[in-house]
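Visitor: Below is the structure I would like to discuss, written out as structure tokens.
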Amino acid sequence: MTAVSERPAASSRTALSNGIALEDIVKPEEGLISRRIFSDPEIYELEQERIFAKGWFFVGHESEIPEPGDLITRSVGTDPGILARDDEGVVRVFLNSCRHRGMRVCRTDRENTSFLRCPYHGWAYKNTGELVTAAAENHYGPGELDKDDLGLIPVAQLGTHRGLIFATWNPAAPPLREYLGNMAYYLDIIFNRTGGVKVLGTPQIWDVETSWKFATDNFTDNFHVFSAHHSLVELGMLPNDPDFAGHGTMVVAEEGHVLHLTPGAPNDDYASMGLPHALREKFPEHLDADQVLMAANTAYSAGTVWPNFHWLQLMSSGTLGQKDAPFLNLRMEVPISPTRTRMWSWLLIDSDADPEYTKTSYETYVRTFGPGGIYDQDDMENWEDCTRASLGPAARQHTLHHKMGLGRPVDESWPGPGTAYRGSYGEMTQRSWYAAWLRSMTTGWPDRRSAGAAR
């Protein structure tokens with residue numbers, strides 16, 4: 001599979017209100033991305049219709065709702081959702097909106113309950129989504145209240161992979177496993193390496209004055225680390241080497257699904273993602289031989305499942321003088337407006353991890369990532385300034401430069417699926433992500449009915 005698709009034919013070109021076609025201002029195959037897409041309200045509205053109404057979106061992890069009756073509130077794309085395990089243990093996802101006036105029926109982050117009651121007019125629903133009672137029912141006439149047709153609105157499709165729960169509002173979307181394609185192979189390396197992982201605590205959630213695309217671009221970008229986080233280099237918390245994260249492999253698993261597998265220092269501490277040896281020994285039980293080798297040669301990994309879900313497997317120091325420790329972080333960006341984004345961040349731990357490793361991983365994560373973390377504060381400042389600098393009429397006439405590695409050859413020796421490139425400094429993965437963005441905005445992908453024409 002090639003890293004980027006051919007541009008749509010002239011007959012399918014998508015013109016904006018000023019007559020300019022998206023295909024003329026977003027050219028992933030040339031490494032040219034218009035600044036306009038990061039702030040334009042018209043483009044934002046098209047994204048709602050063509051991306052966030054159609055794709056598959058991460059909702060949560062099975063470990064967050066372990067018991068019957070557990071539920072949590074989450075975004076599903078850009079819509080408010082409820083992720084629930086009903087009384088029979090079945091996982092379900094609904095729109096968090098009463099069928100009467102649209103009020104949110106669940107206004108807490110999490111709870112355990114068999115029923116949800118809308119606070120506005122009192123309509124009550126089972127955790128299966130069924131409408132049980134509507135207030136003042138005796139005042140409805142014949143045929144005016146059909147409870148069977150007024151349950152909570154379910155997602156069109158629900159799927160899981162290695163404990164990760166995804167949902168889509170799009171009945172025409174391909175099944176989750178087909179949507180993930182080659183990316184499932186790499187998800188297994190991260191999330192099934194020891195037989196399973198679990199969420200530790202609750203997600204951190206905060207808002208940033210930035211386009212969601214700047215944040216997404218950042219999570220497939222290794223070469224910003226030395227510059228953007230240079231204060232940590234000066235403190236001795238990162239290597240004083242501009243190329244320290246430039247080794248390894250970049251993979252375009254499917255268009256839009258991308259990842260890095262990057263080694264650390266050449267010693268045992270940075271092998272096998274830095275996990276304790278008791279956990280490393282489990283790799284062969286759950287991964288094939290090539291996956292075990294990839295995991296063994298990786299200290300850092302960043303991956304993106306199109307469009308806005310990421311993992312970060314990192315080795316980092318949390319404080320001065322602390323030995324680098326590993327942690328697994330999940331990330332998601334949910335756009336609130338063209339220039340405002342809600343960030344979600346989770347910490348995961350291997351299910352069989354011992355208490356000491358769990359504590360170290362947790363402490364390192366909270367000191368480095370999230371709104372109070374030393375890395376995220378640097379990143380947020382950059383994303384916000386990138387957004388502000390792209391708002392004006394002069395800036396919107398120009399493109400951003402994504403050409404690093406444009407002519408880099410494919411690594412034909414790579415044993416895994418997808419298209420691989422040697423080195424972790426390059427913009428091959430960004431170009432693939434923007435190619436998927438353009439394809440979604442112009443052809444209707446990932447609808448099953450449009451997939452054949454779009455490929």
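If you're wondering about the labels, chains in the structure tokens are A, B, ... by order shown, residues count from 1 in each chain, ligands from 1 in order shown.
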I want to know what sits within 10 Å of Gly195 (chain A), based on only C-alpha atoms, with residues of the same chain fewer than 5 positions away left out; could you give that as a list in words?
Guide: Arg162, Asp188, Leu279, Lys282, Phe283, Glu285, His286, Leu287, Asp350, Ser351 and Asp352 of chain A
Visitor: Compile a residue-level contact table for region 168-206 of chain A against region 356-371 of chain A at a cut-off of 9 Å, reporting for every qualifying residue the shortest atom pair and its distance in Å to one decimal, with only C-alpha atoms counted, rows ordered by chain and ascending number, as JSON lines.
Guide:
{"residue": "A:Leu200", "atom": "CA", "partner": "A:Tyr362", "partner_atom": "CA", "distance": 8.1}
{"residue": "A:Gln204", "atom": "CA", "partner": "A:Gly370", "partner_atom": "CA", "distance": 6.4}
{"residue": "A:Ile205", "atom": "CA", "partner": "A:Gly370", "partner_atom": "CA", "distance": 8.0}
{"residue": "A:Trp206", "atom": "CA", "partner": "A:Pro371", "partner_atom": "CA", "distance": 6.8}
Visitor: Include N, CA and C atoms and write out the residues we just selected as a PDB file, in the first residue's frame.
Guide:
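And here's part_4.pdb as it stands now:
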ATOM      1  N   LEU A 200      -5.518   2.930  34.532  1.00  0.00           N
ATOM      2  CA  LEU A 200      -5.218   3.240  35.926  1.00  0.00           C
ATOM      3  C   LEU A 200      -5.815   4.611  36.244  1.00  0.00           C
ATOM      4  N   GLN A 204      -7.379  12.402  32.390  1.00  0.00           N
ATOM      5  CA  GLN A 204      -7.244  13.844  32.542  1.00  0.00           C
ATOM      6  C   GLN A 204      -7.889  14.508  31.323  1.00  0.00           C
ATOM      7  N   ILE A 205      -8.637  15.582  31.551  1.00  0.00           N
ATOM      8  CA  ILE A 205      -9.376  16.246  30.477  1.00  0.00           C
ATOM      9  C   ILE A 205      -9.153  17.746  30.617  1.00  0.00           C
ATOM     10  N   TRP A 206      -8.762  18.397  29.509  1.00  0.00           N
ATOM     11  CA  TRP A 206      -8.554  19.836  29.551  1.00  0.00           C
ATOM     12  C   TRP A 206      -8.728  20.413  28.159  1.00  0.00           C
TER      13      TRP A 206
END
Visitor: So which residues touch Lys147 (chain A) within 9 Å, counting only C-alpha atoms, skipping near sequence neighbours fewer than 5 positions away, as a list in words?
Guide: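 Surrounding residues, per the criterion: Glu130, Leu131, Val132, Thr133 and Ala134 of chain A.
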Visitor: Name the residues of region 33-229 of chain A that come out as helix (DSSP H, G or I) in a backbone DSSP run; write them as a PyMOL selection string.
Guide: chain A and resi 35-38+41-50+62-64+137-139+147-149+176-180+183-191+212-218+225-228
Visitor: Could you dump the residues just selected with N, CA and C atoms as a compact mmCIF listing (two decimals), in the first residue's frame?
Guide:
# COMPACT_ATOMS: atom_id res chain seq x y z
N ARG A 35 -2.57 26.57 5.53
CA ARG A 35 -2.84 27.02 6.90
C ARG A 35 -4.34 27.22 7.14
N ARG A 36 -5.08 27.41 6.07
CA ARG A 36 -6.51 27.69 6.21
C ARG A 36 -7.26 26.58 6.92
N ILE A 37 -6.82 25.33 6.74
CA ILE A 37 -7.60 24.21 7.29
C ILE A 37 -7.56 24.17 8.81
N PHE A 38 -6.66 24.96 9.42
CA PHE A 38 -6.52 24.93 10.88
C PHE A 38 -7.40 25.95 11.59
N PRO A 41 -13.92 28.24 9.69
CA PRO A 41 -15.18 27.66 10.17
C PRO A 41 -15.88 26.80 9.13
N GLU A 42 -15.78 27.16 7.86
CA GLU A 42 -16.42 26.35 6.82
C GLU A 42 -15.80 24.96 6.75
N ILE A 43 -14.48 24.89 6.83
CA ILE A 43 -13.80 23.60 6.81
C ILE A 43 -14.14 22.81 8.06
N TYR A 44 -14.22 23.48 9.19
CA TYR A 44 -14.60 22.81 10.44
C TYR A 44 -15.98 22.16 10.32
N GLU A 45 -16.94 22.87 9.73
CA GLU A 45 -18.28 22.30 9.56
C GLU A 45 -18.26 21.11 8.62
N LEU A 46 -17.44 21.17 7.57
CA LEU A 46 -17.31 20.02 6.68
C LEU A 46 -16.71 18.83 7.42
N GLU A 47 -15.77 19.08 8.33
CA GLU A 47 -15.19 17.99 9.12
C GLU A 47 -16.25 17.31 9.97
N GLN A 48 -17.17 18.09 10.53
CA GLN A 48 -18.23 17.48 11.34
C GLN A 48 -19.05 16.50 10.52
N GLU A 49 -19.35 16.89 9.30
CA GLU A 49 -20.20 16.07 8.43
C GLU A 49 -19.43 14.90 7.83
N ARG A 50 -18.17 15.12 7.44
CA ARG A 50 -17.48 14.14 6.62
C ARG A 50 -16.44 13.30 7.37
N GLU A 62 -12.27 -1.47 28.13
CA GLU A 62 -13.15 -2.37 28.87
C GLU A 62 -12.90 -2.34 30.37
N SER A 63 -11.66 -2.08 30.78
CA SER A 63 -11.35 -2.05 32.21
C SER A 63 -11.99 -0.87 32.92
N GLU A 64 -12.49 0.12 32.18
CA GLU A 64 -13.15 1.27 32.81
C GLU A 64 -14.59 0.96 33.21
N GLU A 137 -47.48 10.36 31.79
CA GLU A 137 -47.89 9.48 30.69
C GLU A 137 -49.40 9.50 30.46
N ASN A 138 -50.17 9.72 31.53
CA ASN A 138 -51.64 9.68 31.38
C ASN A 138 -52.16 10.83 30.54
N HIS A 139 -51.31 11.81 30.22
CA HIS A 139 -51.75 12.95 29.42
C HIS A 139 -51.49 12.75 27.92
N LYS A 147 -43.17 3.95 23.29
CA LYS A 147 -41.92 3.76 24.03
C LYS A 147 -40.92 2.90 23.27
N ASP A 148 -41.40 1.94 22.50
CA ASP A 148 -40.49 1.07 21.77
C ASP A 148 -39.63 1.83 20.76
N ASP A 149 -40.12 2.96 20.30
CA ASP A 149 -39.38 3.75 19.31
C ASP A 149 -38.65 4.93 19.94
N LEU A 176 -15.07 -2.68 12.28
CA LEU A 176 -13.88 -2.14 12.93
C LEU A 176 -12.61 -2.85 12.47
N ARG A 177 -12.64 -4.18 12.44
CA ARG A 177 -11.41 -4.90 12.07
C ARG A 177 -10.95 -4.53 10.66
N GLU A 178 -11.89 -4.35 9.75
CA GLU A 178 -11.54 -3.93 8.40
C GLU A 178 -11.02 -2.50 8.41
N TYR A 179 -11.64 -1.64 9.20
CA TYR A 179 -11.22 -0.24 9.30
C TYR A 179 -9.79 -0.13 9.83
N LEU A 180 -9.45 -0.95 10.83
CA LEU A 180 -8.10 -0.91 11.40
C LEU A 180 -7.08 -1.46 10.42
N MET A 183 -3.21 -1.90 10.97
CA MET A 183 -2.92 -1.29 12.26
C MET A 183 -3.20 -2.25 13.41
N ALA A 184 -4.10 -3.20 13.21
CA ALA A 184 -4.40 -4.16 14.28
C ALA A 184 -3.15 -4.93 14.70
N TYR A 185 -2.28 -5.24 13.75
CA TYR A 185 -1.03 -5.95 14.03
C TYR A 185 -0.18 -5.17 15.02
N TYR A 186 -0.11 -3.86 14.84
CA TYR A 186 0.73 -3.02 15.71
C TYR A 186 0.02 -2.69 17.02
N LEU A 187 -1.30 -2.58 16.99
CA LEU A 187 -2.03 -2.42 18.24
C LEU A 187 -1.78 -3.60 19.17
N ASP A 188 -1.66 -4.81 18.59
CA ASP A 188 -1.41 -5.99 19.40
C ASP A 188 -0.06 -5.90 20.12
N ILE A 189 0.94 -5.33 19.46
CA ILE A 189 2.26 -5.21 20.09
C ILE A 189 2.18 -4.34 21.34
N ILE A 190 1.37 -3.31 21.29
CA ILE A 190 1.27 -2.38 22.41
C ILE A 190 0.29 -2.86 23.47
N PHE A 191 -0.86 -3.37 23.06
CA PHE A 191 -1.94 -3.62 24.01
C PHE A 191 -2.14 -5.09 24.36
N TRP A 212 -7.60 21.05 16.43
CA TRP A 212 -7.35 19.64 16.78
C TRP A 212 -6.29 19.03 15.86
N LYS A 213 -6.14 19.57 14.66
CA LYS A 213 -5.19 18.99 13.71
C LYS A 213 -3.74 19.30 14.09
N PHE A 214 -3.48 20.43 14.73
CA PHE A 214 -2.12 20.69 15.20
C PHE A 214 -1.71 19.68 16.27
N ALA A 215 -2.64 19.38 17.17
CA ALA A 215 -2.33 18.40 18.21
C ALA A 215 -2.13 17.01 17.61
N THR A 216 -2.96 16.64 16.64
CA THR A 216 -2.83 15.33 15.99
C THR A 216 -1.52 15.23 15.24
N ASP A 217 -1.16 16.28 14.51
CA ASP A 217 0.11 16.33 13.77
C ASP A 217 1.29 16.09 14.73
N ASN A 218 1.21 16.65 15.91
CA ASN A 218 2.29 16.56 16.89
C ASN A 218 2.55 15.12 17.33
N VAL A 225 10.96 17.08 19.55
CA VAL A 225 11.22 16.88 20.98
C VAL A 225 12.47 17.65 21.43
N PHE A 226 13.56 17.55 20.68
CA PHE A 226 14.80 18.19 21.11
C PHE A 226 14.66 19.70 21.20
N SER A 227 13.91 20.30 20.28
CA SER A 227 13.75 21.76 20.27
C SER A 227 12.64 22.21 21.21
N ALA A 228 11.45 21.62 21.06
CA ALA A 228 10.29 22.07 21.84
C ALA A 228 10.49 21.84 23.34
Visitor: From the set A:Trp56, A:Trp414, A:Trp383, A:Phe309, which residue has the shortest atom-to-atom contact distance to Trp169 (chain A), counting only C-alpha atoms?
Guide: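 So, comparing all the options, the nearest one is A:Trp56.
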Visitor: Which of region 147-365 of chain A end up as strand (DSSP E or B) when DSSP is run on this backbone - answer as a PyMOL selection string?
Guide: chain A and resi 154+157-161+164-168+197-208+249-254+257-262+300-305+309-316+325-337+340-350
Visitor: Would you mind telling me which residue in A:Gln291, A:Thr194, A:Gly318, A:Ala436 lies nearest to Ala353 (chain A) when using only C-alpha atoms?
Guide: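 Distance minimum relative to Ala353 (chain A) lands on A:Thr194.
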Visitor: Would you pick out the contacts of region 82-90 of chain A at 8 Å or less, using only C-alpha atoms, so that residues sharing its chain but fewer than 4 positions from it are not included, and give the list as a PyMOL selection string?
Guide: chain A and resi 59-60+65-74+94-96+106+114+127-128
Visitor: Selection from above, C-alpha atoms, as an mmCIF file, in the first residue's frame, can you write it?
Guide:
data_model
loop_
_atom_site.group_PDB
_atom_site.id
_atom_site.type_symbol
_atom_site.label_atom_id
_atom_site.label_comp_id
_atom_site.auth_asym_id
_atom_site.auth_seq_id
_atom_site.Cartn_x
_atom_site.Cartn_y
_atom_site.Cartn_z
ATOM 1 C CA VAL A 59 -14.701 5.590 23.408
ATOM 2 C CA GLY A 60 -12.960 3.855 26.276
ATOM 3 C CA ILE A 65 -16.529 -0.496 33.017
ATOM 4 C CA PRO A 66 -15.670 -3.846 34.624
ATOM 5 C CA GLU A 67 -18.984 -4.533 36.400
ATOM 6 C CA PRO A 68 -22.617 -4.807 35.228
ATOM 7 C CA GLY A 69 -24.257 -1.406 35.659
ATOM 8 C CA ASP A 70 -21.007 0.535 35.206
ATOM 9 C CA LEU A 71 -21.169 3.500 32.870
ATOM 10 C CA ILE A 72 -19.026 6.463 31.916
ATOM 11 C CA THR A 73 -19.715 9.535 29.797
ATOM 12 C CA ARG A 74 -17.463 10.079 26.791
ATOM 13 C CA PHE A 94 -25.574 5.595 23.294
ATOM 14 C CA LEU A 95 -26.009 9.252 22.462
ATOM 15 C CA ASN A 96 -26.187 11.047 25.811
ATOM 16 C CA CYS A 106 -26.253 11.314 32.442
ATOM 17 C CA SER A 114 -29.559 0.172 36.126
ATOM 18 C CA ASN A 127 -29.034 0.785 30.900
ATOM 19 C CA THR A 128 -29.999 -1.193 27.789
#
Visitor: Find the residues near region 325-333 of chain A: any atom within 8 Å, counting only C-alpha atoms, skip ones fewer than 3 places away on the same chain, and give them as number ranges by chain.
Guide: A: 58, 212, 215-216, 273-275, 308-317, 341-349, 360-362, 364-365
Visitor: Please produce an output containing N, CA and C atoms for each residue in the selection, written as a compact mmCIF listing (two decimals), in the first residue's frame.
Guide:
# COMPACT_ATOMS: atom_id res chain seq x y z
N PHE A 58 -12.47 6.13 19.24
CA PHE A 58 -12.20 5.51 20.54
C PHE A 58 -13.16 6.07 21.57
N TRP A 212 -7.60 21.05 16.43
CA TRP A 212 -7.35 19.64 16.78
C TRP A 212 -6.29 19.03 15.86
N ALA A 215 -2.64 19.38 17.17
CA ALA A 215 -2.33 18.40 18.21
C ALA A 215 -2.13 17.01 17.61
N THR A 216 -2.96 16.64 16.64
CA THR A 216 -2.83 15.33 15.99
C THR A 216 -1.52 15.23 15.24
N MET A 273 10.55 -1.91 25.51
CA MET A 273 9.72 -0.79 25.98
C MET A 273 9.99 -0.46 27.44
N GLY A 274 11.12 -0.92 27.98
CA GLY A 274 11.50 -0.61 29.34
C GLY A 274 10.75 -1.39 30.40
N LEU A 275 9.93 -2.35 29.98
CA LEU A 275 9.13 -3.09 30.95
C LEU A 275 9.99 -3.97 31.85
N ASN A 308 -8.23 10.53 15.37
CA ASN A 308 -7.81 11.35 16.51
C ASN A 308 -7.48 10.56 17.76
N PHE A 309 -7.09 9.29 17.61
CA PHE A 309 -6.78 8.46 18.76
C PHE A 309 -5.31 8.05 18.68
N HIS A 310 -4.59 8.17 19.81
CA HIS A 310 -3.15 7.93 19.82
C HIS A 310 -2.74 7.11 21.04
N TRP A 311 -1.62 6.43 20.87
CA TRP A 311 -0.91 5.92 22.03
C TRP A 311 0.49 6.51 22.07
N LEU A 312 1.04 6.62 23.27
CA LEU A 312 2.43 7.00 23.50
C LEU A 312 3.02 6.00 24.48
N GLN A 313 3.96 5.20 24.03
CA GLN A 313 4.72 4.33 24.92
C GLN A 313 6.08 4.99 25.08
N LEU A 314 6.35 5.49 26.29
CA LEU A 314 7.52 6.35 26.48
C LEU A 314 8.41 5.86 27.62
N MET A 315 9.66 6.26 27.52
CA MET A 315 10.60 6.18 28.64
C MET A 315 10.95 7.62 28.99
N SER A 316 10.78 8.01 30.23
CA SER A 316 11.06 9.39 30.60
C SER A 316 11.41 9.48 32.07
N SER A 317 12.16 10.53 32.37
CA SER A 317 12.42 10.89 33.76
C SER A 317 11.33 11.86 34.20
N THR A 341 -9.87 22.82 21.32
CA THR A 341 -9.83 21.37 21.35
C THR A 341 -9.86 20.87 22.78
N ARG A 342 -10.64 19.81 23.00
CA ARG A 342 -10.65 19.15 24.32
C ARG A 342 -9.72 17.95 24.25
N MET A 343 -8.76 17.92 25.14
CA MET A 343 -7.76 16.85 25.20
C MET A 343 -8.17 15.82 26.25
N TRP A 344 -7.98 14.55 25.90
CA TRP A 344 -8.21 13.43 26.81
C TRP A 344 -6.90 12.66 26.93
N SER A 345 -6.58 12.22 28.15
CA SER A 345 -5.33 11.51 28.38
C SER A 345 -5.53 10.44 29.45
N TRP A 346 -5.14 9.20 29.12
CA TRP A 346 -5.27 8.06 30.04
C TRP A 346 -3.91 7.44 30.30
N LEU A 347 -3.74 6.85 31.48
CA LEU A 347 -2.59 6.03 31.78
C LEU A 347 -3.03 4.57 31.82
N LEU A 348 -2.31 3.71 31.11
CA LEU A 348 -2.58 2.28 31.14
C LEU A 348 -1.38 1.55 31.73
N ILE A 349 -1.67 0.42 32.32
CA ILE A 349 -0.63 -0.40 32.93
C ILE A 349 -0.90 -1.85 32.56
N THR A 360 5.70 3.63 40.05
CA THR A 360 6.71 4.40 39.32
C THR A 360 6.16 4.91 38.00
N SER A 361 5.45 4.06 37.27
CA SER A 361 4.88 4.44 35.99
C SER A 361 3.86 5.57 36.16
N TYR A 362 3.03 5.45 37.19
CA TYR A 362 2.01 6.48 37.45
C TYR A 362 2.67 7.82 37.78
N THR A 364 5.63 8.95 37.08
CA THR A 364 6.34 9.52 35.93
C THR A 364 5.35 10.14 34.96
N TYR A 365 4.24 9.45 34.70
CA TYR A 365 3.22 9.95 33.78
C TYR A 365 2.64 11.29 34.24
Visitor: Work out how far apart CA of Cys118 (chain A) and CA of Val91 (chain A) are and give it in Å to one decimal.
Guide: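 A separation of 21.1 Å between them.
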Visitor: Give me, please, the distance in Å between CA of Pro154 (chain A) and CA of Val305 (chain A), quoted to one decimal.
Guide: 22.5 Å
Visitor: May I ask which of the residues A:Ala302, A:Leu32, A:Ala278, A:Ala296 is the closest one to Lys403 (chain A), counting only C-alpha atoms?
Guide: A:Leu32
Visitor: Using only C-alpha atoms, which residues sit within 10 Å of His100 (chain A) once same-chain residues fewer than 3 positions away are excluded, as a ChimeraX atom specification?
Guide: /A:97,103,118,120-123,134,150
